[in-house]
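Engineer: I'm passing along target04.txt; it holds compact mmCIF, C-alpha atoms.
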# COMPACT_ATOMS: atom_id res chain seq x y z
CA GLY A 1 40.56 96.75 2.75
CA VAL A 2 40.05 93.20 1.49
CA LEU A 3 36.26 93.46 1.94
CA ILE A 4 35.89 96.74 0.05
CA PHE A 5 36.39 95.30 -3.43
CA PRO A 6 33.68 92.62 -3.09
CA ALA A 7 31.33 95.13 -1.46
CA ASN A 8 31.78 97.62 -4.31
CA LEU A 9 31.43 94.81 -6.86
CA TYR A 10 28.12 93.87 -5.24
CA LEU A 11 27.14 97.55 -5.27
CA ALA A 12 27.81 97.68 -9.01
CA LYS A 13 25.50 94.70 -9.55
CA LEU A 14 22.82 96.21 -7.32
CA SER A 15 22.97 99.53 -9.16
CA TYR A 16 21.54 97.84 -12.27
CA ARG A 17 18.49 96.69 -10.33
CA TYR A 18 17.90 99.53 -7.84
CA ASP A 19 18.00 103.30 -7.97
CA ASP A 20 21.04 104.97 -6.41
CA ARG A 21 18.81 106.75 -3.91
CA ASP A 22 17.38 103.45 -2.68
CA ILE A 23 20.87 102.05 -2.24
CA ILE A 24 21.96 105.16 -0.31
CA TRP A 25 18.87 104.86 1.92
CA PHE A 26 19.56 101.20 2.71
CA ILE A 27 23.29 101.70 3.31
CA THR A 28 22.54 104.62 5.64
CA LEU A 29 20.32 102.30 7.69
CA VAL A 30 23.09 99.68 7.76
CA MET A 31 25.52 102.34 8.95
CA LEU A 32 23.06 103.38 11.67
CA PHE A 33 22.88 99.76 12.83
CA GLY A 34 26.69 99.52 12.89
CA ILE A 35 27.05 102.72 14.89
CA VAL A 36 24.56 101.56 17.52
CA GLY A 37 26.55 98.32 17.80
CA LEU A 38 29.72 100.28 18.52
CA PHE A 39 28.31 101.90 21.65
CA ALA A 40 29.51 100.80 25.06
CA PHE A 41 26.41 100.23 27.19
CA PRO A 42 26.94 100.20 30.96
CA SER A 43 24.97 96.98 31.54
CA VAL A 44 26.68 94.97 28.77
CA PRO A 45 30.42 94.18 28.76
CA TYR A 46 32.20 95.67 25.76
CA THR A 47 34.23 93.16 23.77
CA VAL A 48 36.95 93.37 21.17
CA MET A 49 34.81 91.28 18.79
CA GLN A 50 31.97 93.80 19.11
CA TYR A 51 34.32 96.63 18.15
CA ILE A 52 35.78 94.68 15.21
CA VAL A 53 32.47 93.44 13.76
CA PHE A 54 30.56 96.70 14.03
CA GLY A 55 33.62 98.74 13.03
CA VAL A 56 33.87 96.69 9.84
CA VAL A 57 30.13 97.21 9.21
CA VAL A 58 30.51 101.00 9.54
CA PHE A 59 33.70 101.04 7.46
CA ILE A 60 32.25 99.02 4.59
CA ALA A 61 28.93 100.90 4.70
CA SER A 62 30.70 104.26 4.49
CA ASN A 63 32.82 103.12 1.53
CA VAL A 64 29.84 101.63 -0.30
CA MET A 65 27.86 104.81 0.38
CA GLU A 66 30.66 106.86 -1.14
CA GLY A 67 30.44 104.75 -4.29
CA ALA A 68 26.66 105.13 -4.49
CA CYS A 69 26.88 108.88 -3.86
CA MET A 70 29.54 109.32 -6.54
CA SER A 71 27.38 107.34 -8.95
CA LEU A 72 24.42 109.60 -8.22
CA LEU A 73 26.64 112.67 -8.49
CA SER A 74 27.96 111.59 -11.89
CA LYS A 75 24.39 111.29 -13.20
CA THR A 76 23.14 114.62 -11.88
CA ILE A 77 26.08 117.03 -12.15
CA PRO A 78 26.13 119.48 -15.05
CA ALA A 79 28.59 118.74 -17.83
CA SER A 80 30.39 122.03 -17.22
CA TYR A 81 31.54 120.74 -13.81
CA ALA A 82 33.17 117.70 -15.41
CA ARG A 83 35.87 119.73 -17.15
CA GLY A 84 38.94 121.56 -15.96
CA THR A 85 41.13 121.27 -12.91
CA PHE A 86 38.44 121.83 -10.32
CA ASN A 87 36.10 119.15 -11.62
CA SER A 88 33.61 117.19 -9.52
CA GLY A 89 36.03 114.32 -8.83
CA PHE A 90 38.66 116.69 -7.49
CA LEU A 91 36.12 118.52 -5.34
CA ALA A 92 34.74 115.23 -3.97
CA THR A 93 38.26 114.07 -3.09
CA GLU A 94 39.10 117.34 -1.36
CA SER A 95 35.84 117.39 0.60
CA GLY A 96 36.61 113.85 1.81
CA THR A 97 40.08 114.94 2.88
CA ALA A 98 38.64 117.93 4.72
CA GLY A 99 36.10 115.65 6.41
CA ARG A 100 38.85 113.34 7.67
CA ALA A 101 40.82 116.31 9.02
CA VAL A 102 37.77 117.71 10.83
CA GLY A 103 37.00 114.22 12.17
CA ASP A 104 40.51 113.88 13.57
CA MET A 105 40.22 117.26 15.27
CA PHE A 106 36.84 116.27 16.74
CA ILE A 107 38.22 113.03 18.16
CA SER A 108 41.04 115.02 19.79
CA TYR A 109 38.49 117.48 21.16
CA VAL A 110 36.29 114.74 22.64
CA GLY A 111 39.30 113.06 24.21
CA SER A 112 40.58 116.27 25.78
CA VAL A 113 37.23 117.64 26.99
CA TRP A 114 35.27 114.51 28.00
CA GLY A 115 38.26 112.32 28.83
CA MET A 116 39.46 109.04 27.41
CA ASP A 117 36.72 107.07 29.18
CA TRP A 118 34.07 108.75 27.03
CA ILE A 119 35.91 108.89 23.72
CA LEU A 120 34.10 105.86 22.26
CA ASN A 121 30.55 106.94 23.05
CA GLY A 122 31.43 110.62 22.55
CA THR A 123 32.63 110.22 18.99
CA PHE A 124 30.10 107.63 17.90
CA GLY A 125 27.28 109.47 19.66
CA VAL A 126 27.77 112.45 17.39
CA LEU A 127 28.09 110.13 14.39
CA LEU A 128 24.84 108.43 15.41
CA GLY A 129 23.11 111.82 15.59
CA VAL A 130 24.39 112.92 12.19
CA THR A 131 23.45 109.58 10.62
CA ALA A 132 19.98 109.66 12.19
CA VAL A 133 19.43 113.17 10.81
CA SER A 134 20.64 111.91 7.42
CA VAL A 135 18.15 109.04 7.57
CA GLY A 136 15.37 111.52 8.35
CA LEU A 137 16.40 113.85 5.54
CA LEU A 138 16.67 110.98 3.07
CA LYS A 139 13.22 109.74 4.03
CA THR A 140 11.79 113.24 3.63
CA ALA A 141 13.56 114.05 0.35
CA TYR A 142 13.05 110.72 -1.40
Written as C-alpha cells, how would this file's structure read?

Structural biologist:
Amino acid sequence: GVLIFPANLYLAKLSYRYDDRDIIWFITLVMLFGIVGLFAFPSVPYTVMQYIVFGVVVFIASNVMEGACMSLLSKTIPASYARGTFNSGFLATESGTAGRAVGDMFISYVGSVWGMDWILNGTFGVLLGVTAVSVGLLKTAY
C-alpha cells in the first residue's frame, strides 16, 4: 500500500513524456518478470524474500497498469459512456471486482485439484500464460 502512491505519482509524470500504450507495454513486461520470479524452481531453494520482492513487483505493476489502462480508457471512450449510473468508471470497478472473485475461485480450484504443493506454480503458471499472451497481443496491436 505505501508503495502504490509513489508508483502512481511516477506514472503520472511518465504519462506526460510517453504514450499510455508504451507505458502499458513496459509495465506488462515488468509484471512478466515479477511472475517468473515468483515461481518455485526445483533446483533453487524458494525463500521468503523471493516471494516478498517479486510479489511486491507484481502487485505494484498491476496497480500501475490499472492506472495507465484507465488513463487510456478515459481518452478513448465515447462521451455517452461517461454519463449515467452505468458509466465507464462503474463498469471498470465492477469488472475488477468480478476478476478478483474469479481469481479467488481459481486459487481454490488449483488447491483442491492439484494439491497445496502445486498451488504456487499452478496459480502463477496460468498468470504467466495470460501475461505472455497479453505481451504478444500488445506487441501485435501496437

Engineer: Using only C-alpha atoms, which residue out of A:Val102, A:Gly122, A:Met65, A:Ser74 lies closest to Asp22 of chain A?

Structural biologist: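 Ranking A:Val102, A:Gly122, A:Met65, A:Ser74 by distance to Asp22 of chain A, first place goes to A:Met65.
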
Engineer: Go through A:Arg83, A:Arg100, A:Lys75, A:Arg21 and flag the residue nearest Val135 of chain A, using all atoms listed in the file for the distances.

Structural biologist: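 Comparing A:Arg83, A:Arg100, A:Lys75, A:Arg21 against Val135 of chain A, the winner is A:Arg21.
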
Engineer: Considering only C-alpha atoms, state which residue in the set A:Ala40, A:Ile52, A:Ala98, A:Leu29 is at the smallest distance from Lys139 of chain A.

Structural biologist: A:Leu29

Engineer: Give as a PyMOL selection string every residue, naming chains and numbers as the document does, that has an atom within 12 Å of (34.6, 100.5, 9.6), counting all atoms listed in the file.

Structural biologist: chain A and resi 1+3-4+30-31+34-35+37-38+50-64+124

Engineer: Quick one: of A:Ala68, A:Leu91, A:Val36, A:Ala141, who's nearest to Ile23 of chain A, counting all atoms listed in the file?

Structural biologist: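 Ranked by minimum distance to Ile23 of chain A, first place goes to A:Ala68.
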
Engineer: So what do you get for atom CA of Val130 of chain A versus atom CA of Pro42 of chain A, distance-wise?

Structural biologist: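 Separation between atom CA of Val130 of chain A and atom CA of Pro42 of chain A: 22.8 Å.
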
Engineer: Rank A:Asn8, A:Thr47, A:Thr85, A:Ser108 by their smallest atom-to-atom distance to Ser71 of chain A, using only C-alpha atoms, and report the top residue only.

Structural biologist: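 Ranking A:Asn8, A:Thr47, A:Thr85, A:Ser108 by distance to Ser71 of chain A, first place goes to A:Asn8.
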
Engineer: Provide the atom CA of Phe26 of chain A to atom CA of Trp118 of chain A distance in Å, to one decimal place.

Structural biologist: 29.3 Å

Engineer: Could you check the closest approach to Leu127 of chain A for each of A:Phe106, A:Phe90, A:Trp25, A:Tyr16 and tell me which residue wins, using only C-alpha atoms?

Structural biologist: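 Smallest distance to Leu127 of chain A is found for A:Phe106.
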
Engineer: Excluding Leu73 of chain A and any residue of its chain fewer than 3 positions from it, enumerate the residues within 12 Å of it, using only C-alpha atoms, and give them as JSON, numbers by chain.

Structural biologist: {"A": [20, 21, 65, 66, 67, 68, 69, 70, 76, 77, 78, 79, 81, 82, 87, 88, 89, 91, 92]}

Engineer: Separation of atom CA of Thr131 of chain A and atom CA of Ile24 of chain A, in Å?

Structural biologist: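 Separation of atom CA of Thr131 of chain A and atom CA of Ile24 of chain A: 11.9 Å.
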